>>> print(open('model_12.txt').read())   # compact mmCIF, C-alpha atoms
# COMPACT_ATOMS: atom_id res chain seq x y z
CA MET A 25 -34.52 41.81 77.61
CA ASP A 26 -34.45 40.72 81.25
CA GLU A 27 -32.58 37.72 82.50
CA ARG A 28 -35.48 35.26 82.47
CA ASP A 29 -36.38 36.16 78.88
CA SER A 30 -32.83 35.79 77.81
CA GLU A 31 -32.60 32.37 79.47
CA ALA A 32 -35.72 31.29 77.62
CA ALA A 33 -34.26 32.70 74.41
CA LEU A 34 -31.07 30.73 74.97
CA GLU A 35 -33.10 27.51 75.37
CA MET A 36 -34.78 28.21 72.03
CA ILE A 37 -31.46 28.95 70.42
CA LYS A 38 -30.13 25.62 71.66
CA GLU A 39 -33.17 23.92 70.15
CA PHE A 40 -32.63 25.56 66.76
CA ALA A 41 -28.90 24.83 66.98
CA ASN A 42 -29.57 21.12 67.42
CA ILE A 43 -31.98 21.02 64.50
CA GLY A 44 -29.65 23.10 62.34
CA ALA A 45 -26.65 20.97 63.18
CA GLY A 46 -28.66 17.84 62.38
CA ASN A 47 -29.60 19.30 59.00
CA ALA A 48 -26.04 20.30 58.28
CA ALA A 49 -24.70 16.88 59.30
CA THR A 50 -27.17 15.14 56.95
CA ALA A 51 -26.19 17.46 54.10
CA LEU A 52 -22.47 17.05 54.75
CA ALA A 53 -22.83 13.28 55.04
CA ALA A 54 -24.58 13.17 51.66
CA LEU A 55 -21.98 15.45 50.10
CA MET A 56 -19.04 13.48 51.47
CA ASP A 57 -20.64 10.06 51.29
CA VAL A 58 -19.76 9.18 54.87
CA GLU A 59 -21.73 8.58 58.03
CA LEU A 60 -21.75 11.60 60.30
CA VAL A 61 -23.27 12.21 63.68
CA ASN A 62 -23.36 15.66 65.14
CA GLU A 63 -23.26 17.12 68.56
CA VAL A 64 -23.76 20.74 69.47
CA THR A 65 -21.21 21.47 72.12
CA SER A 66 -22.29 25.00 72.80
CA ALA A 67 -24.80 27.57 71.67
CA ARG A 68 -24.84 31.04 73.08
CA MET A 69 -25.43 34.71 72.57
CA LEU A 70 -22.39 36.92 72.86
CA PRO A 71 -21.33 40.46 72.02
CA LEU A 72 -19.95 40.91 68.51
CA SER A 73 -16.66 42.09 69.93
CA ASP A 74 -16.17 38.83 71.88
CA VAL A 75 -16.56 36.53 68.88
CA ALA A 76 -12.86 36.35 67.98
CA GLU A 77 -11.92 35.34 71.50
CA TRP A 78 -14.71 32.74 71.74
CA LEU A 79 -13.49 31.20 68.48
CA GLY A 80 -9.97 30.93 69.86
CA GLY A 81 -8.10 34.11 68.92
CA GLU A 82 -7.55 36.31 65.86
CA GLN A 83 -4.27 34.71 64.93
CA GLN A 84 -5.44 31.25 63.82
CA ILE A 85 -6.12 30.33 60.20
CA VAL A 86 -9.75 29.57 59.37
CA ALA A 87 -11.98 29.05 56.36
CA GLY A 88 -14.99 31.33 56.44
CA THR A 89 -18.10 31.62 54.30
CA TYR A 90 -19.99 34.86 54.73
CA THR A 91 -23.27 36.17 53.42
CA GLN A 92 -26.12 38.46 54.36
CA LEU A 93 -29.86 37.92 54.39
CA CYS A 94 -32.01 39.54 51.75
CA GLY A 95 -35.39 40.89 52.76
CA ASP A 96 -36.93 42.40 55.87
CA LEU A 97 -34.80 40.59 58.40
CA LYS A 98 -31.31 42.08 58.38
CA SER A 99 -28.52 39.80 59.43
CA GLY A 100 -25.06 38.65 58.53
CA VAL A 101 -24.43 34.90 58.49
CA LEU A 102 -21.01 33.36 58.89
CA VAL A 103 -19.77 29.78 58.91
CA ILE A 104 -16.24 29.15 60.14
CA PHE A 105 -14.17 25.98 59.91
CA PRO A 106 -10.92 25.87 61.89
CA GLN A 107 -7.79 25.13 59.88
CA ASP A 108 -7.53 21.37 60.44
CA SER A 109 -11.25 20.79 59.85
CA ALA A 110 -11.21 22.87 56.67
CA GLN A 111 -8.14 21.00 55.46
CA ALA A 112 -9.74 17.62 56.13
CA LEU A 113 -13.04 18.66 54.55
CA ILE A 114 -11.55 19.97 51.33
CA SER A 115 -9.17 17.03 51.01
CA HIS A 116 -12.12 14.66 51.34
CA VAL A 117 -14.43 16.56 48.99
CA SER A 118 -11.82 17.11 46.28
CA LYS A 119 -10.40 13.59 46.78
CA GLU A 120 -6.82 14.84 46.80
CA GLU A 121 -4.48 16.16 49.44
CA ALA A 122 -5.26 19.84 49.72
CA ASP A 123 -3.12 22.50 51.30
CA LEU A 124 -5.02 25.51 52.63
CA SER A 125 -2.13 27.82 51.75
CA SER A 126 -2.30 26.97 48.06
CA LEU A 127 -5.86 26.03 47.19
CA SER A 128 -6.76 25.87 43.52
CA ARG A 129 -9.69 28.00 42.38
CA VAL A 130 -11.90 24.93 42.27
CA GLN A 131 -10.89 23.86 45.79
CA ALA A 132 -11.42 27.36 47.18
CA SER A 133 -14.80 27.50 45.53
CA ALA A 134 -15.71 24.02 46.81
CA LEU A 135 -14.71 24.96 50.35
CA CYS A 136 -16.86 28.09 50.17
CA GLU A 137 -19.73 25.95 48.91
CA VAL A 138 -19.38 23.42 51.75
CA GLY A 139 -19.65 26.38 54.10
CA ASN A 140 -22.62 27.66 52.16
CA ILE A 141 -24.43 24.32 52.36
CA CYS A 142 -23.99 24.22 56.15
CA LEU A 143 -24.99 27.85 56.42
CA CYS A 144 -28.20 27.28 54.46
CA TRP A 145 -29.20 24.23 56.51
CA TYR A 146 -28.79 26.11 59.77
CA LEU A 147 -30.84 28.91 58.25
CA VAL A 148 -33.58 26.44 57.33
CA ALA A 149 -33.79 25.50 61.00
CA VAL A 150 -34.14 29.14 62.00
CA SER A 151 -36.59 29.76 59.18
CA ARG A 152 -38.91 26.91 60.24
CA MET A 153 -38.74 27.93 63.85
CA ILE A 154 -39.81 31.49 63.16
CA ASP A 155 -42.07 30.56 60.23
CA THR A 156 -40.44 33.16 57.98
CA ASP A 157 -38.53 32.70 54.73
CA LEU A 158 -34.85 33.55 55.08
CA ILE A 159 -33.04 34.06 51.79
CA PRO A 160 -29.26 34.39 51.89
CA ALA A 161 -27.41 36.43 49.25
CA ALA A 162 -24.66 34.80 47.20
CA PRO A 163 -21.93 33.63 49.60
CA CYS A 164 -18.26 34.48 49.48
CA GLY A 165 -15.41 32.61 51.04
CA ALA A 166 -12.00 33.38 52.44
CA VAL A 167 -9.22 31.33 53.97
CA ASP A 168 -7.25 33.61 56.22
CA LEU A 169 -6.50 34.79 59.75
CA LEU A 170 -9.66 34.74 61.86
CA GLY A 171 -9.25 38.40 62.73
CA ALA A 172 -9.13 39.30 59.05
CA VAL A 173 -12.17 37.17 58.20
CA LEU A 174 -14.15 38.88 60.97
CA ASP A 175 -13.21 42.37 59.75
CA ILE A 176 -15.93 42.66 57.12
CA PRO A 177 -18.81 41.57 59.38
CA LEU A 178 -17.48 43.92 62.07
CA ALA A 179 -17.09 46.82 59.64
CA THR A 180 -20.44 46.42 57.89
CA LEU A 181 -22.55 45.38 60.87
CA GLY A 182 -20.71 46.79 63.86
CA VAL A 183 -22.98 49.77 64.35
CA SER A 184 -26.26 47.91 64.34
CA VAL A 185 -25.33 44.50 65.69
CA ASP A 186 -25.20 44.08 69.41
CA ARG A 187 -25.29 40.40 70.17
CA VAL A 188 -24.50 37.41 68.01
CA ILE A 189 -25.99 33.92 68.05
CA ALA A 190 -23.06 31.51 68.00
CA VAL A 191 -23.15 27.73 67.67
CA HIS A 192 -20.24 25.29 67.85
CA THR A 193 -20.85 21.89 66.32
CA VAL A 194 -18.73 18.75 66.09
CA PHE A 195 -19.46 16.39 63.21
CA ARG A 196 -18.17 12.94 64.00
CA GLY A 197 -17.46 10.42 61.26
CA VAL A 198 -16.01 6.94 61.48
CA GLU A 199 -12.51 8.05 60.59
CA ARG A 200 -12.36 11.63 61.76
CA ALA A 201 -14.25 14.53 63.22
CA PHE A 202 -14.81 18.03 61.94
CA GLU A 203 -15.85 21.06 63.84
CA GLY A 204 -17.55 24.16 62.61
CA TYR A 205 -19.04 27.36 63.89
CA PHE A 206 -22.31 28.91 62.76
CA LEU A 207 -22.77 32.57 63.54
CA LEU A 208 -25.92 34.57 63.02
CA LEU A 209 -25.23 38.28 63.30
CA PRO A 210 -28.63 39.96 63.36
CA GLU A 211 -29.30 43.66 63.61
CA LYS A 212 -30.91 44.60 66.91
CA ASP A 213 -34.46 44.73 65.56
CA THR A 214 -34.02 41.46 63.72
CA LEU A 215 -32.73 39.69 66.83
CA GLY A 216 -35.82 40.93 68.68
CA THR A 217 -38.09 39.66 65.90
CA ILE A 218 -36.38 36.26 65.76
CA ILE A 219 -36.59 35.69 69.50
CA CYS A 220 -40.16 36.93 69.68
CA LYS A 221 -41.24 34.64 66.84
CA MET A 222 -39.37 31.66 68.27
CA GLY A 223 -41.31 32.27 71.47
CA ASP A 224 -44.63 32.34 69.59
CA GLN A 225 -43.87 29.03 67.91
CA CYS A 226 -42.96 27.39 71.18
CA ARG A 227 -46.10 28.47 72.92
CA MET B 9 7.24 38.47 70.33
CA ASN B 10 5.49 37.08 73.37
CA ASP B 11 5.73 40.27 75.35
CA ALA B 12 4.29 42.50 72.61
CA LYS B 13 1.21 44.38 73.76
CA LEU B 14 -1.84 43.47 71.71
CA VAL B 15 -3.74 46.36 70.14
CA GLY B 16 -7.24 45.13 69.22
CA ILE B 17 -9.77 46.48 66.76
CA ALA B 18 -10.77 50.08 67.43
CA GLN B 19 -7.95 50.47 69.94
CA TYR B 20 -4.75 52.48 69.96
CA ALA B 21 -1.62 52.42 72.07
CA THR B 22 1.53 54.42 72.48
CA ALA B 23 4.86 53.06 73.65
CA LYS B 24 8.57 53.76 73.73
CA ALA B 25 11.72 51.72 73.18
CA PRO B 26 12.25 48.85 73.87
CA GLU B 27 8.56 48.02 74.09
CA GLN B 28 6.68 46.17 71.37
CA LEU B 29 3.14 46.45 70.07
CA CYS B 30 1.21 44.12 67.78
CA CYS B 31 -1.99 43.98 65.76
CA LEU B 32 -3.24 40.47 64.95
CA GLY B 33 -5.46 39.62 62.01
CA LEU B 34 -5.65 42.89 60.13
CA GLY B 35 -8.05 42.26 57.27
CA SER B 36 -9.73 45.29 55.82
CA CYS B 37 -8.63 47.13 58.97
CA VAL B 38 -5.58 49.36 58.75
CA GLY B 39 -2.73 49.58 61.20
CA VAL B 40 -1.13 53.03 61.21
CA PHE B 41 2.24 53.16 62.97
CA LEU B 42 3.70 56.51 64.05
CA TYR B 43 7.32 56.82 65.16
CA ASP B 44 9.69 59.53 66.22
CA PRO B 45 13.18 58.09 65.52
CA SER B 46 14.93 60.64 67.74
CA THR B 47 13.08 59.82 70.95
CA LYS B 48 12.00 56.29 69.91
CA ILE B 49 8.46 57.08 70.98
CA GLY B 50 5.56 55.98 68.84
CA GLY B 51 2.25 54.22 68.69
CA VAL B 52 -0.25 52.36 66.60
CA VAL B 53 -3.94 52.70 65.85
CA HIS B 54 -5.98 49.68 64.63
CA ALA B 55 -8.82 51.31 62.68
CA LEU B 56 -11.85 49.46 61.34
CA LEU B 57 -13.51 52.06 59.12
CA PRO B 58 -12.32 55.11 57.18
CA ARG B 59 -14.41 58.02 58.41
CA ALA B 60 -16.09 58.70 61.72
CA PRO B 61 -19.76 59.70 61.63
CA ASN B 62 -20.66 62.92 63.39
CA GLY B 63 -20.63 62.66 67.13
CA SER B 64 -18.77 59.35 67.31
CA ILE B 65 -17.02 58.81 70.62
CA LEU B 66 -14.93 55.85 69.46
CA GLU B 67 -12.11 57.83 67.87
CA ALA B 68 -9.73 54.90 67.42
CA LYS B 69 -12.32 52.92 65.44
CA TYR B 70 -11.97 55.26 62.46
CA ALA B 71 -8.86 56.05 60.45
CA ASP B 72 -9.42 59.82 60.26
CA THR B 73 -10.08 60.47 63.94
CA GLY B 74 -7.86 57.60 65.13
CA ILE B 75 -4.72 58.92 63.43
CA ARG B 76 -5.29 62.41 64.82
CA LEU B 77 -5.82 60.97 68.30
CA LEU B 78 -2.67 58.87 68.03
CA GLN B 79 -0.62 61.83 66.81
CA ARG B 80 -1.79 63.97 69.77
CA ARG B 81 -1.00 61.18 72.23
CA THR B 82 2.47 60.42 70.88
CA VAL B 83 3.29 64.15 71.09
CA THR B 84 1.94 64.25 74.66
CA ASP B 85 4.18 61.27 75.46
CA GLY B 86 7.22 63.19 74.31
CA ALA B 87 7.60 62.68 70.56
CA PHE B 88 8.58 65.69 68.46
CA GLU B 89 5.66 66.58 66.27
CA HIS B 90 7.66 67.45 63.14
CA ARG B 91 9.86 64.34 63.38
CA ILE B 92 7.04 61.80 63.38
CA ILE B 93 7.02 59.39 60.44
CA ALA B 94 4.37 56.84 59.55
CA LYS B 95 4.14 53.27 58.32
CA LEU B 96 0.98 51.73 57.02
CA THR B 97 -0.28 48.16 56.71
CA GLY B 98 -3.58 46.31 56.26
CA GLY B 99 -6.49 47.32 54.05
CA ALA B 100 -6.93 43.97 52.31
CA GLN B 101 -10.05 43.03 50.41
CA MET B 102 -11.18 39.93 52.30
CA PHE B 103 -14.31 38.94 50.41
CA LYS B 104 -13.85 40.25 46.94
CA ASP B 105 -17.13 38.90 45.60
CA LEU B 106 -19.20 40.45 48.33
CA ASN B 107 -21.48 43.17 47.08
CA LEU B 108 -21.29 45.87 49.72
CA LYS B 109 -22.95 49.24 49.69
CA MET B 110 -19.74 50.78 50.88
CA GLY B 111 -17.46 49.21 48.26
CA ASP B 112 -13.98 48.05 49.13
CA ILE B 113 -13.55 49.00 52.77
CA GLY B 114 -9.88 48.05 52.89
CA ARG B 115 -8.97 50.37 50.04
CA GLN B 116 -11.01 53.20 51.52
CA ASN B 117 -9.25 52.72 54.84
CA VAL B 118 -5.88 53.02 53.13
CA LEU B 119 -6.87 56.09 51.10
CA GLN B 120 -8.31 57.83 54.14
CA SER B 121 -5.21 57.04 56.21
CA ARG B 122 -2.95 58.54 53.54
CA ARG B 123 -5.17 61.61 53.31
CA THR B 124 -5.26 62.20 57.06
CA LEU B 125 -1.49 61.67 57.40
CA GLY B 126 -1.01 64.13 54.54
CA GLU B 127 -3.18 66.70 56.28
CA LEU B 128 -1.12 66.31 59.43
CA GLY B 129 2.12 66.69 57.46
CA ILE B 130 3.33 63.20 58.41
CA SER B 131 5.20 61.37 55.64
CA ILE B 132 4.66 57.68 55.01
CA VAL B 133 8.09 56.06 54.83
CA SER B 134 6.91 52.56 53.96
CA GLU B 135 3.78 50.53 53.60
CA ASP B 136 2.44 47.08 52.80
CA VAL B 137 -1.24 47.46 52.01
CA GLU B 138 -4.25 46.05 50.13
CA GLY B 139 -4.19 42.68 48.38
CA GLU B 140 -6.38 39.75 49.42
CA ARG B 141 -4.56 38.42 52.48
CA GLY B 142 -4.91 39.26 56.13
CA ARG B 143 -1.84 40.40 58.05
CA SER B 144 -0.44 40.46 61.54
CA ALA B 145 1.97 43.26 62.39
CA TYR B 146 4.63 43.37 65.13
CA TYR B 147 6.02 46.78 65.92
CA SER B 148 9.37 47.22 67.68
CA LEU B 149 9.79 50.66 69.17
CA GLY B 150 13.54 50.04 69.55
CA ASP B 151 14.21 50.65 65.86
CA GLY B 152 10.73 51.55 64.58
CA SER B 153 10.53 48.43 62.42
CA VAL B 154 7.22 46.76 61.64
CA ARG B 155 7.33 43.06 60.85
CA VAL B 156 4.33 42.07 58.74
CA ARG B 157 3.30 38.43 58.53
CA LYS B 158 0.67 37.46 55.98
CA ALA B 159 -1.47 34.35 56.33
CA PHE B 160 0.61 31.49 54.85
CA GLY B 161 3.29 34.01 53.91
CA SER B 162 6.77 34.83 55.09
CA ASP B 163 7.58 37.90 57.12
CA ILE B 164 8.51 41.19 55.58
CA VAL B 165 9.81 44.20 57.45
CA ILE B 166 8.56 47.63 56.54
>>> encode(input="model_12.txt", output="structure tokens")
Amino acid sequence: MDERDSEAALEMIKEFANIGAGNAATALAALMDVELVNEVTSARMLPLSDVAEWLGGEQQIVAGTYTQLCGDLKSGVLVIFPQDSAQALISHVSKEEADLSSLSRVQASALCEVGNICLCWYLVAVSRMIDTDLIPAAPCGAVDLLGAVLDIPLATLGVSVDRVIAVHTVFRGVERAFEGYFLLLPEKDTLGTIICKMGDQCR
Amino acid sequence: MNDAKLVGIAQYATAKAPEQLCCLGLGSCVGVFLYDPSTKIGGVVHALLPRAPNGSILEAKYADTGIRLLQRRTVTDGAFEHRIIAKLTGGAQMFKDLNLKMGDIGRQNVLQSRRTLGELGISIVSEDVEGERGRSAYYSLGDGSVRVRKAFGSDIVI
């Protein structure tokens, strides 16, 4: 891909990121019964190996929900909430003070599901933009060091994944704000297909 | 701990006393620490996967080739080959519900590391492996100790 193509691709990614974040904000607002507005602070394509640094270092605690797409398009999908956002989210959803270090099974499951809901709504945005059904496999969640959470995507996708589509979103409520990261980790061919189809739709 | 040199995924490093090395956020990755107590020379490899495919050039990415590479380099740096001992950490199962073709990568990393160390005749003196929590490891070449910190956990020294 030459530079002009990749600039155009980035514009399209920003467009999908805004729609996806809007979807996710609506879903989260309904789930949490609060008003939320969203803003996408950055959307970019970066090498898989740079993801940890972009997210702020391997050493921080995060809540991650990870899944893979079923079907022809091969991609990993990851949603990450930083520690304080995850803590606030789960406390709000479970209506009790939650501590990330000692989540009950129900809380851990709920946190994974919040991630899954966001993940699916971003995927819907991608899906509509490329006019192709995207079906995620069952999600799984982990609350751990960022480096550790990224290990499985790196180990299972590292060979075939070159660049990652990464979106940072802030969800602002009346009382507090949450931030979250959506990462699409497509295999090389899939990334080509996605960008090509996004281009077709825009034309 | 601020002056410890960071060894990232698929990297290795050798050092001597009083230097320090660290691996942050070991999930299913393994950290294999080699140490020669007599010369206080050692090193660490931060391996992502158990076995290298044919023709791979990234030796430190895989436990089997990475450990052999690290052993050669520590010997080149002055460690006595027959005095080298090993410590092992990492190999957690991060997403235990995930249905992967390759099974539990963390466990395979640990098994492969033990096998390769066995083949090289290096004994494992201590380890803290597997489980469901990620780890960060800080390695002091001064005494060969490895301080392992789990997410939300207290430190243990192996």
>>> residues_around(input="model_12.txt", residues="B:Cys37", least_positions_apart="2", cutoff="7 Å", atoms="all atoms listed in the file", output="list in words")
Asp175 of chain A; Leu34, Gly35, Gly39, His54, Ala55, Leu56, Leu57, Gly98, Gly99, Gly114 and Asn117 of chain B
>>> interface_residues(input="model_12.txt", of="chain A", to="chain B", cutoff="9 Å", atoms="all atoms listed in the file", output="VMD selection string")
chain A and resid 73 81 to 85 90 to 91 124 to 126 162 to 176 178 to 180
>>> residues_around(input="model_12.txt", residues="B:Ile93", least_positions_apart="4", cutoff="8 Å", atoms="only C-alpha atoms", output="PyMOL selection string")
chain B and resi 42-44+130-133
>>> closest_atom_pairs(input="model_12.txt", of="stretch 87-199 of chain A", to="stretch 40-63 of chain A", cutoff="7 Å", atoms="only C-alpha atoms", output="JSON lines")
{"residue": "A:Val117", "atom": "CA", "partner": "A:Met56", "partner_atom": "CA", "distance": 6.1}
{"residue": "A:Cys142", "atom": "CA", "partner": "A:Ala48", "partner_atom": "CA", "distance": 4.9}
{"residue": "A:Trp145", "atom": "CA", "partner": "A:Ala48", "partner_atom": "CA", "distance": 5.3}
{"residue": "A:Tyr146", "atom": "CA", "partner": "A:Gly44", "partner_atom": "CA", "distance": 4.1}
{"residue": "A:Ala149", "atom": "CA", "partner": "A:Gly44", "partner_atom": "CA", "distance": 5.0}
{"residue": "A:Val150", "atom": "CA", "partner": "A:Phe40", "partner_atom": "CA", "distance": 6.1}
{"residue": "A:Val191", "atom": "CA", "partner": "A:Ala41", "partner_atom": "CA", "distance": 6.5}
{"residue": "A:Thr193", "atom": "CA", "partner": "A:Glu63", "partner_atom": "CA", "distance": 5.8}
{"residue": "A:Val194", "atom": "CA", "partner": "A:Glu63", "partner_atom": "CA", "distance": 5.4}
{"residue": "A:Phe195", "atom": "CA", "partner": "A:Asn62", "partner_atom": "CA", "distance": 4.4}
{"residue": "A:Arg196", "atom": "CA", "partner": "A:Val61", "partner_atom": "CA", "distance": 5.2}
{"residue": "A:Gly197", "atom": "CA", "partner": "A:Leu60", "partner_atom": "CA", "distance": 4.6}
{"residue": "A:Val198", "atom": "CA", "partner": "A:Glu59", "partner_atom": "CA", "distance": 6.9}
>>> residues_around(input="model_12.txt", residues="A:Gln131", least_positions_apart="2", cutoff="9 Å", atoms="all atoms listed in the file", output="ChimeraX atom specification")
/A:114-115,117-118,122,127-129,133-136
>>> atom_distance(input="model_12.txt", atom1="atom CA of A:Val75", atom2="atom CA of A:Ala190")
8.3 Å
>>> closest_residue(input="model_12.txt", among="A:Glu137, A:Glu31, A:Asp155, A:Glu39", to="A:Ala110", atoms="only C-alpha atoms")
A:Glu137
>>> residues_around(input="model_12.txt", residues="B:Val52", least_positions_apart="2", cutoff="6 Å", atoms="all atoms listed in the file", output="MDAnalysis selection string")
chainID B and resid 20:21 40:41
>>> atom_distance(input="model_12.txt", atom1="atom CA of B:Leu96", atom2="atom CA of B:Gly63")
26.2 Å
>>> atom_distance(input="model_12.txt", atom1="atom CA of B:Ser148", atom2="atom CA of B:Thr22")
11.7 Å
>>> closest_residue(input="model_12.txt", among="B:Gln120, B:Ala23, B:Pro45, B:Val83", to="B:Tyr70", atoms="all atoms listed in the file")
B:Gln120
>>> residues_around(input="model_12.txt", residues="B:Thr47", least_positions_apart="2", cutoff="10 Å", atoms="all atoms listed in the file", output="VMD selection string")
chain B and resid 24 to 25 43 to 45 49 to 50 86 to 88 91 to 92 149 to 150
>>> closest_residue(input="model_12.txt", among="A:Glu199, A:Ile159, A:Gly204, A:Lys221", to="A:Val64", atoms="all atoms listed in the file")
A:Gly204
